[in-house]
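Single-structure report; data block below.
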Amino acid sequence: MKYQDKYLTINSEAIPIFDTERPTQALIDLFNPPKNVLIAQSTGIVCRVNGILHEISESFSFGINDTRLHCLLPIIIYGRKAGFSDEFFSVSNNLVIKEGELARDLLVSVSPKFFEDSLALLDAIFKSDKFVYLIFGIEDEHSIATAIEKISQTRGAITIHNPFYKNTTNLMKFCLERNLHLIENIDGSADIFRF
């Protein structure tokens, strides 16, 4: 198999992130609209975040600040066991998901909270005492810095979507100054985990 975008080329016997016979990839196909084309990094983030949150055995607060990855909302809701009081936050109520009854029912079942900007979302989500998981686009620098400051004092995770492979050196330095380890992934994305 071969995959290529402007920043990444993969030649491999199989490329699992695009195999729709795998659970998360099938859900991406179900909930992500065709006009919102996800590159390998974006698909990898959806798979990674869904896998991590599926295994968290406590309630969490999930905030998505990158509309390109809105399909994560119904995917995560779909995969969660009943009985958790998870909270969902989104930077926009104009969701970039494939319209359908299942997606609508999943979203209505959790009553997500919508915000006009990512700083307002951060103010709300960090009022929760639950494990916080945040998704950002790399261009949202001020909000990423604010989230890093806040997460350095609690448990949680941040995933940074960087589809254009922007330099993350300053972000790494910012994290190191707060004794946090920024995981810079080979696909250009980055993660911070505090357990």
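In the structure tokens, the first chain shown is A, the next is B, and so on; residue numbers restart at 1 for each chain, and ligands run from 1 in the order shown.
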So which residues of segment 2-192 of chain A fall under alpha helix (DSSP H) by DSSP, listed as a CSV table (one decimal) with N, CA and C atoms, in the first residue's frame?
chain,number,residue,atom,x,y,z
A,23,PRO,N,-12.1,-1.0,14.0
A,23,PRO,CA,-13.2,-0.2,14.6
A,23,PRO,C,-13.2,1.3,14.5
A,24,THR,N,-12.1,1.9,14.9
A,24,THR,CA,-12.1,3.4,14.8
A,24,THR,C,-12.2,3.9,13.4
A,25,GLN,N,-11.5,3.3,12.5
A,25,GLN,CA,-11.5,3.7,11.1
A,25,GLN,C,-12.9,3.5,10.5
A,26,ALA,N,-13.6,2.5,10.9
A,26,ALA,CA,-14.9,2.3,10.4
A,26,ALA,C,-15.8,3.4,10.9
A,27,LEU,N,-15.6,3.8,12.2
A,27,LEU,CA,-16.4,4.9,12.7
A,27,LEU,C,-16.0,6.3,12.1
A,28,ILE,N,-14.8,6.5,11.7
A,28,ILE,CA,-14.4,7.7,11.0
A,28,ILE,C,-15.2,7.7,9.7
A,29,ASP,N,-15.3,6.6,9.0
A,29,ASP,CA,-16.0,6.5,7.8
A,29,ASP,C,-17.5,6.8,8.0
A,30,LEU,N,-18.0,6.4,9.1
A,30,LEU,CA,-19.4,6.6,9.4
A,30,LEU,C,-19.7,8.1,9.8
A,31,PHE,N,-18.8,8.7,10.5
A,31,PHE,CA,-19.1,10.1,11.1
A,31,PHE,C,-18.4,11.3,10.5
A,40,ALA,N,-3.2,11.4,7.0
A,40,ALA,CA,-2.8,10.3,7.8
A,40,ALA,C,-2.6,10.8,9.3
A,41,GLN,N,-2.0,12.0,9.5
A,41,GLN,CA,-1.9,12.5,10.9
A,41,GLN,C,-3.2,12.6,11.6
A,42,SER,N,-4.2,13.2,10.9
A,42,SER,CA,-5.5,13.5,11.5
A,42,SER,C,-6.2,12.1,11.8
A,43,THR,N,-6.1,11.2,10.9
A,43,THR,CA,-6.7,9.9,11.2
A,43,THR,C,-6.0,9.2,12.3
A,44,GLY,N,-4.7,9.3,12.4
A,44,GLY,CA,-3.9,8.7,13.5
A,44,GLY,C,-4.3,9.3,14.8
A,45,ILE,N,-4.5,10.6,14.9
A,45,ILE,CA,-5.0,11.2,16.1
A,45,ILE,C,-6.3,10.7,16.5
A,46,VAL,N,-7.3,10.6,15.6
A,46,VAL,CA,-8.6,10.1,15.9
A,46,VAL,C,-8.5,8.7,16.5
A,47,CYS,N,-7.7,7.8,15.9
A,47,CYS,CA,-7.5,6.5,16.4
A,47,CYS,C,-6.8,6.4,17.7
A,48,ARG,N,-5.8,7.3,17.9
A,48,ARG,CA,-5.1,7.3,19.2
A,48,ARG,C,-6.0,7.8,20.3
A,49,VAL,N,-6.6,8.9,20.1
A,49,VAL,CA,-7.4,9.5,21.2
A,49,VAL,C,-8.6,8.6,21.5
A,50,ASN,N,-9.3,8.0,20.5
A,50,ASN,CA,-10.4,7.1,20.8
A,50,ASN,C,-9.9,5.9,21.6
A,51,GLY,N,-8.7,5.4,21.2
A,51,GLY,CA,-8.2,4.2,21.9
A,51,GLY,C,-7.8,4.5,23.4
A,52,ILE,N,-7.2,5.7,23.6
A,52,ILE,CA,-6.9,6.1,25.0
A,52,ILE,C,-8.2,6.3,25.8
A,53,LEU,N,-9.1,7.1,25.3
A,53,LEU,CA,-10.3,7.4,26.1
A,53,LEU,C,-11.2,6.1,26.3
A,54,HIS,N,-11.2,5.2,25.3
A,54,HIS,CA,-11.9,3.9,25.5
A,54,HIS,C,-11.4,3.2,26.7
A,55,GLU,N,-10.1,3.3,27.0
A,55,GLU,CA,-9.6,2.5,28.1
A,55,GLU,C,-9.6,3.3,29.5
A,72,LEU,N,-14.5,13.0,16.2
A,72,LEU,CA,-14.2,12.4,17.4
A,72,LEU,C,-15.3,12.4,18.4
A,73,LEU,N,-16.2,13.4,18.4
A,73,LEU,CA,-17.3,13.5,19.4
A,73,LEU,C,-18.2,12.2,19.3
A,74,PRO,N,-18.8,11.9,18.2
A,74,PRO,CA,-19.7,10.7,18.2
A,74,PRO,C,-18.9,9.4,18.3
A,75,ILE,N,-17.7,9.4,17.8
A,75,ILE,CA,-16.9,8.2,17.9
A,75,ILE,C,-16.6,7.9,19.4
A,76,ILE,N,-16.2,8.8,20.1
A,76,ILE,CA,-15.9,8.6,21.6
A,76,ILE,C,-17.2,8.2,22.3
A,77,ILE,N,-18.2,8.9,22.1
A,77,ILE,CA,-19.5,8.7,22.7
A,77,ILE,C,-20.0,7.2,22.4
A,78,TYR,N,-19.9,6.8,21.2
A,78,TYR,CA,-20.3,5.5,20.7
A,78,TYR,C,-19.5,4.4,21.5
A,79,GLY,N,-18.2,4.6,21.7
A,79,GLY,CA,-17.4,3.6,22.3
A,79,GLY,C,-17.4,3.5,23.8
A,101,GLU,N,-28.9,10.0,11.8
A,101,GLU,CA,-29.7,9.8,13.0
A,101,GLU,C,-28.8,9.3,14.2
A,102,LEU,N,-27.9,8.4,13.9
A,102,LEU,CA,-27.0,7.9,14.9
A,102,LEU,C,-26.2,9.0,15.5
A,103,ALA,N,-25.5,9.8,14.7
A,103,ALA,CA,-24.7,10.9,15.2
A,103,ALA,C,-25.5,11.8,16.0
A,104,ARG,N,-26.7,12.2,15.6
A,104,ARG,CA,-27.5,13.1,16.3
A,104,ARG,C,-27.9,12.5,17.7
A,105,ASP,N,-28.3,11.2,17.7
A,105,ASP,CA,-28.7,10.6,18.9
A,105,ASP,C,-27.6,10.5,19.9
A,106,LEU,N,-26.4,10.2,19.4
A,106,LEU,CA,-25.2,10.1,20.3
A,106,LEU,C,-24.9,11.5,20.9
A,107,LEU,N,-24.9,12.5,20.1
A,107,LEU,CA,-24.7,13.9,20.6
A,107,LEU,C,-25.7,14.3,21.6
A,108,VAL,N,-27.0,14.1,21.3
A,108,VAL,CA,-28.1,14.5,22.1
A,108,VAL,C,-28.0,13.8,23.5
A,109,SER,N,-27.5,12.6,23.5
A,109,SER,CA,-27.5,11.8,24.7
A,109,SER,C,-26.5,12.3,25.7
A,110,VAL,N,-25.5,13.1,25.3
A,110,VAL,CA,-24.5,13.7,26.3
A,110,VAL,C,-24.6,15.2,26.4
A,118,SER,N,-11.9,29.0,22.1
A,118,SER,CA,-11.2,28.0,22.9
A,118,SER,C,-10.9,28.4,24.3
A,119,LEU,N,-10.6,29.7,24.6
A,119,LEU,CA,-10.4,30.2,25.9
A,119,LEU,C,-11.6,30.0,26.8
A,120,ALA,N,-12.8,30.3,26.3
A,120,ALA,CA,-14.0,30.1,27.1
A,120,ALA,C,-14.2,28.6,27.4
A,121,LEU,N,-13.9,27.8,26.4
A,121,LEU,CA,-14.0,26.3,26.6
A,121,LEU,C,-13.0,25.9,27.7
A,122,LEU,N,-11.8,26.4,27.7
A,122,LEU,CA,-10.8,26.0,28.8
A,122,LEU,C,-11.3,26.5,30.1
A,123,ASP,N,-11.8,27.7,30.2
A,123,ASP,CA,-12.4,28.1,31.5
A,123,ASP,C,-13.4,27.2,32.1
A,124,ALA,N,-14.3,26.7,31.2
A,124,ALA,CA,-15.4,25.8,31.6
A,124,ALA,C,-14.8,24.4,32.0
A,125,ILE,N,-14.0,23.8,31.1
A,125,ILE,CA,-13.6,22.4,31.3
A,125,ILE,C,-12.7,22.3,32.5
A,141,GLU,N,-2.2,28.9,19.4
A,141,GLU,CA,-1.1,28.9,20.3
A,141,GLU,C,-1.4,29.5,21.7
A,142,HIS,N,-2.1,30.5,21.7
A,142,HIS,CA,-2.5,31.1,23.0
A,142,HIS,C,-3.3,30.2,23.9
A,143,SER,N,-4.2,29.5,23.3
A,143,SER,CA,-5.0,28.6,24.1
A,143,SER,C,-4.2,27.3,24.5
A,144,ILE,N,-3.4,26.9,23.6
A,144,ILE,CA,-2.5,25.7,23.9
A,144,ILE,C,-1.6,26.1,25.1
A,145,ALA,N,-1.0,27.3,25.1
A,145,ALA,CA,-0.2,27.7,26.3
A,145,ALA,C,-1.0,27.8,27.6
A,146,THR,N,-2.2,28.3,27.5
A,146,THR,CA,-3.1,28.4,28.6
A,146,THR,C,-3.5,27.0,29.1
A,147,ALA,N,-3.8,26.1,28.2
A,147,ALA,CA,-4.1,24.7,28.6
A,147,ALA,C,-2.9,24.0,29.3
A,148,ILE,N,-1.7,24.3,28.7
A,148,ILE,CA,-0.5,23.7,29.3
A,148,ILE,C,-0.3,24.2,30.7
A,149,GLU,N,-0.5,25.5,31.0
A,149,GLU,CA,-0.4,26.0,32.3
A,149,GLU,C,-1.3,25.4,33.3
A,150,LYS,N,-2.6,25.2,32.8
A,150,LYS,CA,-3.6,24.6,33.7
A,150,LYS,C,-3.4,23.1,33.9
A,151,ILE,N,-3.0,22.4,32.9
A,151,ILE,CA,-2.8,21.0,33.0
A,151,ILE,C,-1.6,20.6,33.8
A,169,THR,N,9.4,23.5,18.3
A,169,THR,CA,10.5,23.7,19.3
A,169,THR,C,10.1,24.7,20.4
A,170,ASN,N,9.4,25.8,20.1
A,170,ASN,CA,9.0,26.7,21.1
A,170,ASN,C,8.0,26.1,22.1
A,171,LEU,N,7.1,25.2,21.5
A,171,LEU,CA,6.2,24.5,22.4
A,171,LEU,C,6.9,23.5,23.3
A,172,MET,N,7.9,22.9,22.8
A,172,MET,CA,8.7,22.0,23.6
A,172,MET,C,9.4,22.7,24.8
A,173,LYS,N,10.0,23.9,24.5
A,173,LYS,CA,10.6,24.7,25.5
A,173,LYS,C,9.6,25.2,26.5
A,174,PHE,N,8.4,25.6,26.1
A,174,PHE,CA,7.4,26.0,27.0
A,174,PHE,C,7.0,24.9,28.0
A,175,CYS,N,6.9,23.7,27.5
A,175,CYS,CA,6.6,22.5,28.3
A,175,CYS,C,7.7,22.2,29.3
A,176,LEU,N,8.9,22.2,28.8
A,176,LEU,CA,10.1,21.9,29.7
A,176,LEU,C,10.2,22.9,30.8
Neighbour list for Lys2 of chain A as a list in words, cut-off 12 Å, only C-alpha atoms, skip fewer than 4 positions in-chain: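 What passes the distance filter is Leu8, Thr9, Ile10, Asn11, Ser12, Glu13, Ala14, Ile15, Pro16, Phe18 and Ala40 of chain A.
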Go through chain A and collect every residue that DSSP, computed from the backbone, puts in strand (DSSP E or B); the answer should be as a PDB file with C-alpha atoms, in the first residue's frame.
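File result-v8.pdb, as written:
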ATOM      1  CA  LYS A   2       1.068   3.550  -0.564  1.00  0.00           C
ATOM      2  CA  TYR A   3      -0.090   6.814   1.002  1.00  0.00           C
ATOM      3  CA  GLN A   4       1.157  10.276   0.192  1.00  0.00           C
ATOM      4  CA  THR A   9       4.802   9.374   2.235  1.00  0.00           C
ATOM      5  CA  ILE A  10       4.159   5.846   3.478  1.00  0.00           C
ATOM      6  CA  ASN A  11       5.032   2.647   1.607  1.00  0.00           C
ATOM      7  CA  PHE A  60     -13.678  12.411  31.887  1.00  0.00           C
ATOM      8  CA  SER A  61     -14.180  15.842  30.348  1.00  0.00           C
ATOM      9  CA  PHE A  62     -13.332  15.973  26.648  1.00  0.00           C
ATOM     10  CA  GLY A  63     -12.783  19.270  24.845  1.00  0.00           C
ATOM     11  CA  ILE A  64     -12.294  19.610  21.111  1.00  0.00           C
ATOM     12  CA  GLU A  87     -18.692  15.722  29.717  1.00  0.00           C
ATOM     13  CA  PHE A  88     -18.146  16.946  26.161  1.00  0.00           C
ATOM     14  CA  PHE A  89     -17.097  20.452  25.128  1.00  0.00           C
ATOM     15  CA  SER A  90     -16.721  21.875  21.623  1.00  0.00           C
ATOM     16  CA  LYS A 113     -21.450  22.269  25.791  1.00  0.00           C
ATOM     17  CA  PHE A 114     -20.584  24.647  22.948  1.00  0.00           C
ATOM     18  CA  PHE A 131      -9.708  13.790  33.906  1.00  0.00           C
ATOM     19  CA  VAL A 132      -9.461  16.422  31.140  1.00  0.00           C
ATOM     20  CA  TYR A 133      -8.557  15.531  27.554  1.00  0.00           C
ATOM     21  CA  LEU A 134      -8.119  18.414  25.086  1.00  0.00           C
ATOM     22  CA  ILE A 135      -7.563  18.520  21.321  1.00  0.00           C
ATOM     23  CA  PHE A 136      -6.100  21.623  19.650  1.00  0.00           C
ATOM     24  CA  GLY A 137      -4.981  22.686  16.219  1.00  0.00           C
ATOM     25  CA  GLY A 156      -5.162  15.266  31.942  1.00  0.00           C
ATOM     26  CA  ALA A 157      -3.949  15.114  28.371  1.00  0.00           C
ATOM     27  CA  ILE A 158      -3.493  17.427  25.420  1.00  0.00           C
ATOM     28  CA  THR A 159      -3.185  16.341  21.800  1.00  0.00           C
ATOM     29  CA  ILE A 160      -2.013  18.884  19.239  1.00  0.00           C
ATOM     30  CA  HIS A 161      -3.041  18.481  15.608  1.00  0.00           C
ATOM     31  CA  ILE A 183       5.764  13.936  23.059  1.00  0.00           C
ATOM     32  CA  GLU A 184       6.577  14.971  19.488  1.00  0.00           C
ATOM     33  CA  ALA A 190       2.238  16.194  19.730  1.00  0.00           C
ATOM     34  CA  ASP A 191       0.855  14.957  23.059  1.00  0.00           C
ATOM     35  CA  ILE A 192       1.148  15.790  26.746  1.00  0.00           C
ATOM     36  CA  PHE A 193      -0.020  13.260  29.349  1.00  0.00           C
ATOM     37  CA  ARG A 194      -0.359  13.855  33.113  1.00  0.00           C
TER      38      ARG A 194
END
For atom CA of Ser85 of chain A and atom CA of Cys71 of chain A, the interatomic separation in Å (one decimal):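 The value is 20.1 Å.
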